[in-house]
Amino acid sequence: MSDKKTVTVTSPGQFVLHHRTSLALLIFGLGLFAFLYLAGEVIEGETMRFDSWLLLALRVPGDTADPLGPAWVEEMFRDFTALGGVGMLSLLTLISVGYLWLMGQRRVALFLLFSILGGLLLSSMLKSGFDRPRPELVSHGSQVYTSSFPSGHTMLSAVVYLTGGALLAMVHAPHRVRLYLIGCSVLITLLVGVSRVYLGVHWPSDVLAGWAAGAAWAAACWLAAQWLQERGRNLVSD
């Protein structure tokens with residue numbers, strides 16, 4: 001009497017998918033933990049020393065109204081910060097949704113739209129809930145209208161660029177195209193966050209929290225998209 005062993009073969013596609021899901025779970029967990037940790041530190045006032053030091057370090061010594069570097073550098077950072085503005089992000093979202101719709105990826109287009117609207121709602125709720133004042137330690141290099149924590153530009157940039165980049169990558173088969181889209185999304189998100197501190201309109205901890213919350217939301221959206229795919233509710237059309 002011989003024992004029979006069952007061997008489970010994992011396809012390359014399933015292997016890659018498993019690791020992508022694990023990475024998304026890791027990003028979600030780390031992002032959520034980082035945001036909650038920063039929120040607690042901000043409430044207790046533990047970040048003020050670091051926040052103040054970095055804001056002043058980016059200013060000409062003795063002149064808090066003058067950021068480091070020539071005028072063209074300051075103008076360049078204003079351009080970077082515009083990439084995270086509501087107008088720019090709204091336009092980019094509509095362009096991306098329209099592109100996906102014309103590509104026949106209507107479910108992905110709708111999922112992207114609702115994911116970004118959900119991120120916008122979450123960002124507004126967090127800012128209203130914490131209601132942290134803007135830094136007055138240095139002059140502002142850009143107009144501000146809302147409270148400070150978390151950075152709305154930074155969080156929404158992470159939501160729009162990371163979520164959009166990940167979903168757009170889903171409809172493009174070539175691996176190099178996917179890496180390029182996600183890499184560009186990460187780069188723009190980082191530049192927007194750095195610009196907010198350089199222009200003196202946010203405490204550094206606001207930006208760190210914005211990155212954390214935005215990355216967690218983007219990871220959650222990717223996990224939701226993957227869950228729908230596995231349940232047979234395919235987002236991506238053949």
# chains A, B, ... in the order shown; residues from 1 in each chain; ligands from 1
>>> residues_around(residues="Ser123 (chain A)", least_positions_apart="4", cutoff="12 Å", atoms="only C-alpha atoms", output="compact mmCIF listing (two decimals) with C-alpha atoms, in the first residue's frame")
# COMPACT_ATOMS: atom_id res chain seq x y z
CA VAL A 86 -7.29 70.44 -5.46
CA ILE A 116 -10.25 59.28 -4.71
CA LEU A 117 -13.53 60.78 -3.50
CA GLY A 118 -13.27 58.59 -0.41
CA GLY A 119 -9.70 59.77 0.20
CA LYS A 127 -8.11 67.98 9.19
CA SER A 128 -11.35 69.07 10.86
CA GLY A 129 -10.89 66.61 13.70
CA PHE A 130 -7.34 67.64 14.62
CA ASP A 131 -7.73 71.33 13.69
CA THR A 146 -7.52 75.03 6.07
CA SER A 147 -5.99 73.57 9.23
CA SER A 148 -2.59 71.94 9.23
CA PHE A 149 -2.73 68.26 10.28
CA PRO A 150 -2.40 66.17 8.22
CA SER A 151 -1.14 67.95 5.11
CA GLY A 152 -4.00 67.84 2.63
CA HIS A 153 -1.77 68.39 -0.40
CA THR A 154 0.48 65.54 0.70
CA MET A 155 -2.26 63.10 1.64
CA LEU A 156 -4.36 63.76 -1.46
CA SER A 157 -1.27 63.51 -3.66
CA ALA A 158 -0.59 60.08 -2.19
CA VAL A 159 -4.24 59.11 -2.65
CA ASP A 206 1.94 67.23 8.98
CA ALA A 209 1.30 62.06 8.54
CA GLY A 210 -0.07 62.93 5.10
CA TRP A 211 2.29 60.48 3.44
CA ALA A 212 1.39 57.78 5.97
CA ALA A 213 -2.37 58.23 5.71
CA GLY A 214 -2.32 58.58 1.93
CA TRP A 217 -5.50 54.57 1.84
>>> residues_around(residues="Phe28 (chain A)", least_positions_apart="4", cutoff="7 Å", atoms="only C-alpha atoms", output="list in words")
Ala24, Leu32, Ala215, Ala216, Ala219 and Ala220 of chain A
>>> write_last_selection(atoms="N, CA and C atoms", output="PDB file, in the first residue's frame")
ATOM      1  N   ALA A  24       1.136  45.179  -0.215  1.00  0.00           N
ATOM      2  CA  ALA A  24       0.062  46.138   0.043  1.00  0.00           C
ATOM      3  C   ALA A  24      -0.376  46.085   1.504  1.00  0.00           C
ATOM      4  N   LEU A  32      -0.773  53.027   8.578  1.00  0.00           N
ATOM      5  CA  LEU A  32      -1.730  53.262   9.654  1.00  0.00           C
ATOM      6  C   LEU A  32      -1.020  53.451  10.987  1.00  0.00           C
ATOM      7  N   ALA A 215      -0.673  56.802   1.858  1.00  0.00           N
ATOM      8  CA  ALA A 215      -0.161  55.497   1.435  1.00  0.00           C
ATOM      9  C   ALA A 215      -1.045  54.369   1.960  1.00  0.00           C
ATOM     10  N   ALA A 216      -1.515  54.506   3.208  1.00  0.00           N
ATOM     11  CA  ALA A 216      -2.402  53.487   3.777  1.00  0.00           C
ATOM     12  C   ALA A 216      -3.703  53.405   2.990  1.00  0.00           C
ATOM     13  N   ALA A 219      -3.036  51.746  -0.401  1.00  0.00           N
ATOM     14  CA  ALA A 219      -2.864  50.304  -0.221  1.00  0.00           C
ATOM     15  C   ALA A 219      -4.203  49.625   0.035  1.00  0.00           C
ATOM     16  N   ALA A 220      -5.060  50.269   0.831  1.00  0.00           N
ATOM     17  CA  ALA A 220      -6.383  49.705   1.107  1.00  0.00           C
ATOM     18  C   ALA A 220      -7.211  49.611  -0.166  1.00  0.00           C
TER      19      ALA A 220
END
>>> closest_residue(among="A:Pro61, A:Gly164, A:Gly87, A:Gly69", to="Ala109 (chain A)", atoms="only C-alpha atoms")
A:Gly164
>>> select_by_dssp(residues="region 8-134 of chain A", states="strand (DSSP E)", output="list in words")
Arg59, Val60, Asp63, Thr64, Ala65, Asp66 and Pro67 of chain A
>>> residues_around(residues="Val194 (chain A)", least_positions_apart="4", cutoff="9 Å", atoms="only C-alpha atoms", output="PyMOL selection string")
chain A and resi 77+80-81+154+189-190+198-199+204+207
>>> atom_distance(atom1="CA of Val144 (chain A)", atom2="CA of Leu30 (chain A)")
29.1 Å
>>> residues_around(residues="region 46-57 of chain A", least_positions_apart="4", cutoff="7 Å", atoms="only C-alpha atoms", output="list in words")
Glu41, Val42, Thr64, Val197, Gly200, Trp203, Pro204 and Ser205 of chain A
>>> residues_around(residues="Val97 (chain A)", least_positions_apart="6", cutoff="9 Å", atoms="only C-alpha atoms", output="list in words")
Arg106, Val108, Ala109, Leu110, Leu112 and Leu113 of chain A
>>> write_last_selection(atoms="C-alpha atoms", output="PDB file, in the first residue's frame")
ATOM      1  CA  ARG A 106     -15.149  51.306 -17.061  1.00  0.00           C
ATOM      2  CA  VAL A 108     -11.572  50.484 -13.073  1.00  0.00           C
ATOM      3  CA  ALA A 109     -12.549  54.070 -13.949  1.00  0.00           C
ATOM      4  CA  LEU A 110     -15.455  54.075 -11.494  1.00  0.00           C
ATOM      5  CA  LEU A 112     -10.672  55.014  -9.220  1.00  0.00           C
ATOM      6  CA  LEU A 113     -13.208  57.841  -8.986  1.00  0.00           C
TER       7      LEU A 113
END
>>> closest_residue(among="A:Leu92, A:Leu137, A:Leu68, A:Val160", to="Phe114 (chain A)", atoms="only C-alpha atoms")
A:Val160
>>> select_by_dssp(residues="region 168-209 of chain A", states="alpha helix (DSSP H)", output="PyMOL selection string")
chain A and resi 168-170+175-198+204-209
>>> write_last_selection(atoms="C-alpha atoms", output="short mmCIF file (atom, residue, chain, number, x, y, z; two decimals), in the first residue's frame")
data_model
loop_
_atom_site.label_atom_id
_atom_site.label_comp_id
_atom_site.auth_asym_id
_atom_site.auth_seq_id
_atom_site.Cartn_x
_atom_site.Cartn_y
_atom_site.Cartn_z
CA LEU A 168 -3.46 52.34 -14.27
CA ALA A 169 -0.67 49.80 -13.86
CA MET A 170 -3.31 47.05 -13.60
CA HIS A 175 6.17 45.00 -16.26
CA ARG A 176 8.39 47.98 -17.10
CA VAL A 177 5.33 50.16 -17.77
CA ARG A 178 3.86 49.25 -14.38
CA LEU A 179 7.12 50.06 -12.60
CA TYR A 180 7.39 53.36 -14.47
CA LEU A 181 3.86 54.46 -13.55
CA ILE A 182 4.24 53.56 -9.88
CA GLY A 183 7.73 55.10 -9.72
CA CYS A 184 6.46 58.40 -11.15
CA SER A 185 3.55 58.36 -8.69
CA VAL A 186 5.89 57.93 -5.72
CA LEU A 187 8.26 60.65 -6.96
CA ILE A 188 5.50 63.24 -7.40
CA THR A 189 4.02 62.41 -3.99
CA LEU A 190 7.41 62.95 -2.34
CA LEU A 191 8.03 66.25 -4.17
CA VAL A 192 4.65 67.66 -3.17
CA GLY A 193 5.24 66.84 0.49
CA VAL A 194 8.75 68.33 0.56
CA SER A 195 7.48 71.49 -1.14
CA ARG A 196 4.92 72.08 1.62
CA VAL A 197 7.65 72.17 4.26
CA TYR A 198 10.02 74.22 2.10
CA PRO A 204 7.13 68.48 8.87
CA SER A 205 5.01 66.15 11.01
CA ASP A 206 1.94 67.23 8.98
CA VAL A 207 3.64 66.04 5.82
CA LEU A 208 4.85 62.77 7.35
CA ALA A 209 1.30 62.06 8.54
#
>>> residues_around(residues="Cys221 (chain A)", least_positions_apart="3", cutoff="7 Å", atoms="only C-alpha atoms", output="list in words")
Ser115, Thr163, Trp217, Ala218, Ala224 and Ala225 of chain A
>>> write_last_selection(atoms="N, CA and C atoms", output="compact mmCIF listing (two decimals), in the first residue's frame")
# COMPACT_ATOMS: atom_id res chain seq x y z
N SER A 115 -12.60 55.80 -5.17
CA SER A 115 -11.45 55.70 -4.25
C SER A 115 -10.91 57.09 -3.92
N THR A 163 -2.88 55.70 -5.81
CA THR A 163 -4.03 54.88 -6.19
C THR A 163 -4.19 54.86 -7.70
N TRP A 217 -4.25 54.55 2.62
CA TRP A 217 -5.50 54.57 1.84
C TRP A 217 -5.29 53.95 0.46
N ALA A 218 -4.18 54.31 -0.19
CA ALA A 218 -3.88 53.75 -1.52
C ALA A 218 -3.73 52.23 -1.43
N ALA A 224 -8.69 46.27 -1.91
CA ALA A 224 -10.11 46.14 -2.25
C ALA A 224 -10.27 45.74 -3.71
N ALA A 225 -9.47 46.33 -4.58
CA ALA A 225 -9.53 45.98 -6.01
C ALA A 225 -9.14 44.52 -6.20
>>> closest_residue(among="A:Leu122, A:Val138, A:Ile95, A:Leu89", to="Tyr161 (chain A)", atoms="only C-alpha atoms")
A:Leu89
>>> decode(residues="region 52-120 of chain A", atoms="C-alpha atoms", output="compact mmCIF listing (two decimals), in the first residue's frame")
# COMPACT_ATOMS: atom_id res chain seq x y z
CA SER A 52 10.59 73.99 14.42
CA TRP A 53 14.19 72.94 13.83
CA LEU A 54 13.53 71.70 10.29
CA LEU A 55 11.42 74.69 9.28
CA LEU A 56 14.16 77.09 10.43
CA ALA A 57 16.87 74.95 8.83
CA LEU A 58 15.24 75.56 5.45
CA ARG A 59 15.42 79.37 5.92
CA VAL A 60 18.27 81.80 5.49
CA PRO A 61 19.81 82.34 8.96
CA GLY A 62 18.35 85.48 10.52
CA ASP A 63 15.56 85.85 7.93
CA THR A 64 12.55 83.56 8.40
CA ALA A 65 10.88 85.07 5.33
CA ASP A 66 13.56 83.84 2.91
CA PRO A 67 13.79 80.11 2.05
CA LEU A 68 17.22 78.68 1.27
CA GLY A 69 18.36 78.93 -2.34
CA PRO A 70 17.85 81.38 -5.20
CA ALA A 71 14.45 82.67 -6.30
CA TRP A 72 14.09 80.10 -9.06
CA VAL A 73 14.30 77.27 -6.52
CA GLU A 74 11.41 78.75 -4.53
CA GLU A 75 9.40 79.13 -7.75
CA MET A 76 10.16 75.52 -8.67
CA PHE A 77 8.84 74.33 -5.31
CA ARG A 78 5.67 76.35 -5.90
CA ASP A 79 5.27 74.40 -9.13
CA PHE A 80 5.76 71.15 -7.24
CA THR A 81 3.20 72.12 -4.61
CA ALA A 82 0.69 72.93 -7.36
CA LEU A 83 0.78 69.26 -8.35
CA GLY A 84 -0.97 68.53 -5.05
CA GLY A 85 -3.59 71.28 -5.31
CA VAL A 86 -7.29 70.44 -5.46
CA GLY A 87 -7.64 71.90 -8.96
CA MET A 88 -4.71 69.95 -10.40
CA LEU A 89 -5.72 66.70 -8.67
CA SER A 90 -9.34 67.07 -9.79
CA LEU A 91 -8.27 67.66 -13.39
CA LEU A 92 -5.85 64.73 -13.30
CA THR A 93 -8.53 62.47 -11.82
CA LEU A 94 -11.01 63.36 -14.54
CA ILE A 95 -8.36 62.81 -17.24
CA SER A 96 -7.44 59.41 -15.78
CA VAL A 97 -11.08 58.36 -15.43
CA GLY A 98 -11.76 59.47 -19.00
CA TYR A 99 -8.73 57.58 -20.29
CA LEU A 100 -9.78 54.38 -18.54
CA TRP A 101 -13.34 54.80 -19.76
CA LEU A 102 -12.21 55.20 -23.39
CA MET A 103 -9.93 52.18 -22.96
CA GLY A 104 -13.01 50.14 -22.09
CA GLN A 105 -11.94 49.81 -18.44
CA ARG A 106 -15.15 51.31 -17.06
CA ARG A 107 -15.14 49.38 -13.80
CA VAL A 108 -11.57 50.48 -13.07
CA ALA A 109 -12.55 54.07 -13.95
CA LEU A 110 -15.45 54.08 -11.49
CA PHE A 111 -13.39 52.35 -8.81
CA LEU A 112 -10.67 55.01 -9.22
CA LEU A 113 -13.21 57.84 -8.99
CA PHE A 114 -14.84 56.54 -5.81
CA SER A 115 -11.45 55.70 -4.25
CA ILE A 116 -10.25 59.28 -4.71
CA LEU A 117 -13.53 60.78 -3.50
CA GLY A 118 -13.27 58.59 -0.41
CA GLY A 119 -9.70 59.77 0.20
CA LEU A 120 -10.80 63.40 -0.14
